[in-house]
Amino acid sequence: MKTIVIVDSSKEVPYRRIDKILLNCIQHFGIWYEIIDLNWAGISYQELEETHLIILGQEGIISSLSDESFSVLLKIVENGAGLVILDGYLNKYPEKILKIIGVENFSSGKTNILSLEKHWITEMSSDTVIFKNPAFHYYIPQIKNCWSVIMRNENGYGCCFSRSYGKGKIILFTTLPSIFLDEYIGHTEGLDGVFFRSLIWASKKPFITKTMPPFLTARIDDVSGSGSPVCKHRETVEELKYLDILNKYNFIPNLGLFIDDIKESDEKKIREKYYDGLGEFSPHAFSDPKNTNEFPIYLKHSGEEFSKEELEENFKRVDIKFSKIGINMSKTLNAHFGEIGLNTLPFLKERGVKFFMNPIKIGKAWKNPDSKKWDLKPYGKPFFSLDYIPEDSYFFNVISIPPKIDISTSTLDSEEPDFDFLYGCTTFWKENKKVEIEKAIKRGTIQIKRGLENGFFGCLMTHEQRISHIPLDDFEKIISGIYRNLSDIPFISKSYDFISQYAESRTNYKIEKIEINNKISIVLKGKNKVEQLLYLFTEKNSIPKISFLKIPTFEKQILLNFPI
């Protein structure tokens, strides 16, 4: 089973962009692939005969293919392989190629919006995707009946299409690969799911990937419980009653505790949930009634580091509190504002903390402009990252939430996802005059689906202050509504710590080879400490079907055989 990515290194500028536009993405989604560089090698039918998927993702790559080479690719597709074309420069396609694939009378222009048609490819994505800047693209006002439209521009003209071709399938994007640069949309902003599912839909089955499974969890920051200084509906937060509702709908959240606010009645509930495996708890800060990180544990809000003596005192207080509750802190640290000092790291190691869920650099204050410039895999975007941190490679960052809405370009009424799904949906900080249940349901659903479609994990994230401004019955309506919206989406409920450990282990091995004959044979190299799941995509009535192959723990290398 091969996936082939065809590039041309003689075209220097497009070739330099290929990592950011394409390769980082398919590596993140766990697609095992090989590269053919047309600057050094030709296209051979014999070499590609066992190919399940061909990707033409470099800008202008079609013009690098001879008619003969393209005919070889189409012959492979006719025999069952998939072909996905991201190179939308239709004006550079040879006339013969346009005629063969059935494209005529195209135009070009700029668009601010893409609207998605109903299709398996678009099921995980929002109905519309908005560009940061108008993007040049090609579109086809009328296309032959052999094609189906997947995406349309702001004027309703098609700019992404699918079709069958012999036994195989073709996906054609007439948008340009550059839409995956941050100037326009960039990765994780609403199109990654469309791209990945295009690859899956087109590929010859069976098709295997190392994509993150559809894990689902939740994260609640600023937890004061019965000691909340800002609550409007005390019955919601007393003894963390909202946690019962989250558990009822299969969420196992990580709660970041304001440890000085937590009362004895809350401690009892925390202890019960911890030992029942229904919640994880992390020291968030001591307290913060003014929301200025006035009483931090790990880093001063100014960005100044605590001294060793100050940290010893801070962690002594943390240890006393968690000992009194009778639990261990979670392995994944949930720090207030994400502010974690470099001097803190040895203290965290001593207490078994291995993972962060941090949207900012270690050693930086939230308000520091450089704090968001953190080059973590796969895309250098801290809000969606699964990677060892450069400050200390012992620690691994695991986070999957959309970044905070920019209120200079958006409003509280915006339906775009925010890092807090209740933002603008409650009376907290006068963000709304009432609790908007339906908006909260929509926001929460989008937040979870964005993490899943991006190949990370679904994470429902909010702050307890906003929960405390919601009557308990209304909070259940919100959570049950979100859960209902996920009914058609496969997901696996897990704790944050489980997901963190899984994600780190997934990073430490790679697919070395896949062969499919009368059985599926897979060679893996590296080290795996947590049982893994590989996606196995099959097909029924032209619709991809998902199942999983279990990968045991191993050292160095393993050969696995599975029946087809």
# chains A, B, ... in the order shown; residues from 1 in each chain; ligands from 1
>>> select_by_dssp(residues="stretch 48-136 of chain A", states="strand (DSSP E or B)", output="list of chain:residue names")
A:Thr51, A:His52, A:Leu53, A:Ile54, A:Ile55, A:Leu56, A:Gly82, A:Leu83, A:Val84, A:Ile85, A:Ser107, A:Ser108, A:Gly109, A:Lys110, A:Thr111, A:Asn112, A:Ile113, A:Leu114, A:Ser115, A:Leu116, A:Thr128, A:Val129, A:Ile130, A:Phe131, A:Lys132, A:Asn133, A:Pro134, A:Ala135, A:Phe136
>>> write_last_selection(atoms="C-alpha atoms", output="JSON list (two decimals), in the first residue's frame")
[["chain", "number", "residue", "atom", "x", "y", "z"],
["A", 51, "THR", "CA", -0.16, 2.66, -5.20],
["A", 52, "HIS", "CA", -3.39, 3.39, -3.33],
["A", 53, "LEU", "CA", -3.18, 7.20, -3.40],
["A", 54, "ILE", "CA", -1.37, 9.85, -5.46],
["A", 55, "ILE", "CA", -1.12, 13.46, -4.25],
["A", 56, "LEU", "CA", -0.27, 16.36, -6.55],
["A", 82, "GLY", "CA", -7.04, 7.68, -5.86],
["A", 83, "LEU", "CA", -5.71, 10.96, -7.23],
["A", 84, "VAL", "CA", -5.95, 14.21, -5.23],
["A", 85, "ILE", "CA", -4.91, 17.40, -7.03],
["A", 107, "SER", "CA", -12.43, 31.44, -14.78],
["A", 108, "SER", "CA", -10.41, 33.07, -12.01],
["A", 109, "GLY", "CA", -10.93, 35.66, -9.29],
["A", 110, "LYS", "CA", -10.75, 36.25, -5.56],
["A", 111, "THR", "CA", -13.02, 34.94, -2.84],
["A", 112, "ASN", "CA", -13.42, 35.58, 0.89],
["A", 113, "ILE", "CA", -15.63, 32.58, 1.61],
["A", 114, "LEU", "CA", -15.90, 28.92, 0.75],
["A", 115, "SER", "CA", -19.21, 27.12, 1.24],
["A", 116, "LEU", "CA", -19.22, 23.34, 1.61],
["A", 128, "THR", "CA", -18.62, 27.92, 5.54],
["A", 129, "VAL", "CA", -14.93, 28.77, 5.78],
["A", 130, "ILE", "CA", -13.91, 32.43, 5.92],
["A", 131, "PHE", "CA", -10.54, 33.60, 4.61],
["A", 132, "LYS", "CA", -8.36, 36.05, 6.54],
["A", 133, "ASN", "CA", -7.61, 37.77, 3.23],
["A", 134, "PRO", "CA", -9.24, 37.36, -0.20],
["A", 135, "ALA", "CA", -7.66, 34.41, -1.98],
["A", 136, "PHE", "CA", -7.03, 34.13, -5.70]]
>>> select_by_dssp(residues="stretch 92-302 of chain A", states="helix (DSSP H, G or I)", output="PyMOL selection string")
chain A and resi 92+95-101+120-122+177-180+192-202+225-227+234-248+264-275
>>> residues_around(residues="A:Thr175", least_positions_apart="6", cutoff="9 Å", atoms="only C-alpha atoms", output="list in words")
Leu86, Asp87, Gly88, Tyr89, Ala135, Phe136, His137, Tyr138, Tyr139, Cys159 and Cys160 of chain A
>>> atom_distance(atom1="atom CA of A:Glu239", atom2="atom CA of A:Asn254")
15.8 Å
>>> residues_around(residues="A:Lys20", least_positions_apart="3", cutoff="8 Å", atoms="only C-alpha atoms", output="ChimeraX atom specification")
/A:17,23-25,180-181,379
>>> write_last_selection(atoms="N, CA and C atoms", output="PDB file, in the first residue's frame")
ATOM      1  N   ARG A  17       7.812  25.667  -0.206  1.00  0.00           N
ATOM      2  CA  ARG A  17       6.545  25.777   0.530  1.00  0.00           C
ATOM      3  C   ARG A  17       5.893  24.429   0.816  1.00  0.00           C
ATOM      4  N   LEU A  23       3.273  18.620   3.437  1.00  0.00           N
ATOM      5  CA  LEU A  23       3.921  17.480   4.085  1.00  0.00           C
ATOM      6  C   LEU A  23       3.717  17.468   5.598  1.00  0.00           C
ATOM      7  N   ASN A  24       3.783  18.635   6.251  1.00  0.00           N
ATOM      8  CA  ASN A  24       3.521  18.670   7.694  1.00  0.00           C
ATOM      9  C   ASN A  24       2.129  18.137   8.014  1.00  0.00           C
ATOM     10  N   CYS A  25       1.190  18.419   7.128  1.00  0.00           N
ATOM     11  CA  CYS A  25      -0.197  18.008   7.332  1.00  0.00           C
ATOM     12  C   CYS A  25      -0.355  16.500   7.177  1.00  0.00           C
ATOM     13  N   PHE A 180      -3.417  27.174   2.298  1.00  0.00           N
ATOM     14  CA  PHE A 180      -2.980  26.592   3.563  1.00  0.00           C
ATOM     15  C   PHE A 180      -1.837  27.379   4.208  1.00  0.00           C
ATOM     16  N   LEU A 181      -1.472  28.518   3.616  1.00  0.00           N
ATOM     17  CA  LEU A 181      -0.569  29.453   4.281  1.00  0.00           C
ATOM     18  C   LEU A 181      -1.407  30.319   5.217  1.00  0.00           C
ATOM     19  N   TYR A 379       2.315  22.462  13.265  1.00  0.00           N
ATOM     20  CA  TYR A 379       2.214  23.668  12.434  1.00  0.00           C
ATOM     21  C   TYR A 379       2.791  24.920  13.075  1.00  0.00           C
TER      22      TYR A 379
END
>>> residues_around(residues="A:Gln532", least_positions_apart="3", cutoff="7 Å", atoms="only C-alpha atoms", output="compact mmCIF listing (two decimals) with N, CA and C atoms, in the first residue's frame")
# COMPACT_ATOMS: atom_id res chain seq x y z
N LYS A 550 -5.46 -2.72 16.39
CA LYS A 550 -4.79 -2.50 17.67
C LYS A 550 -3.30 -2.79 17.55
N ILE A 551 -2.50 -1.86 18.08
CA ILE A 551 -1.05 -1.99 18.06
C ILE A 551 -0.56 -2.16 19.49
N PRO A 552 0.08 -3.28 19.81
CA PRO A 552 0.55 -3.50 21.18
C PRO A 552 1.78 -2.64 21.49
>>> residues_around(residues="A:Phe29", least_positions_apart="2", cutoff="12 Å", atoms="only C-alpha atoms", output="count of residues only")
35
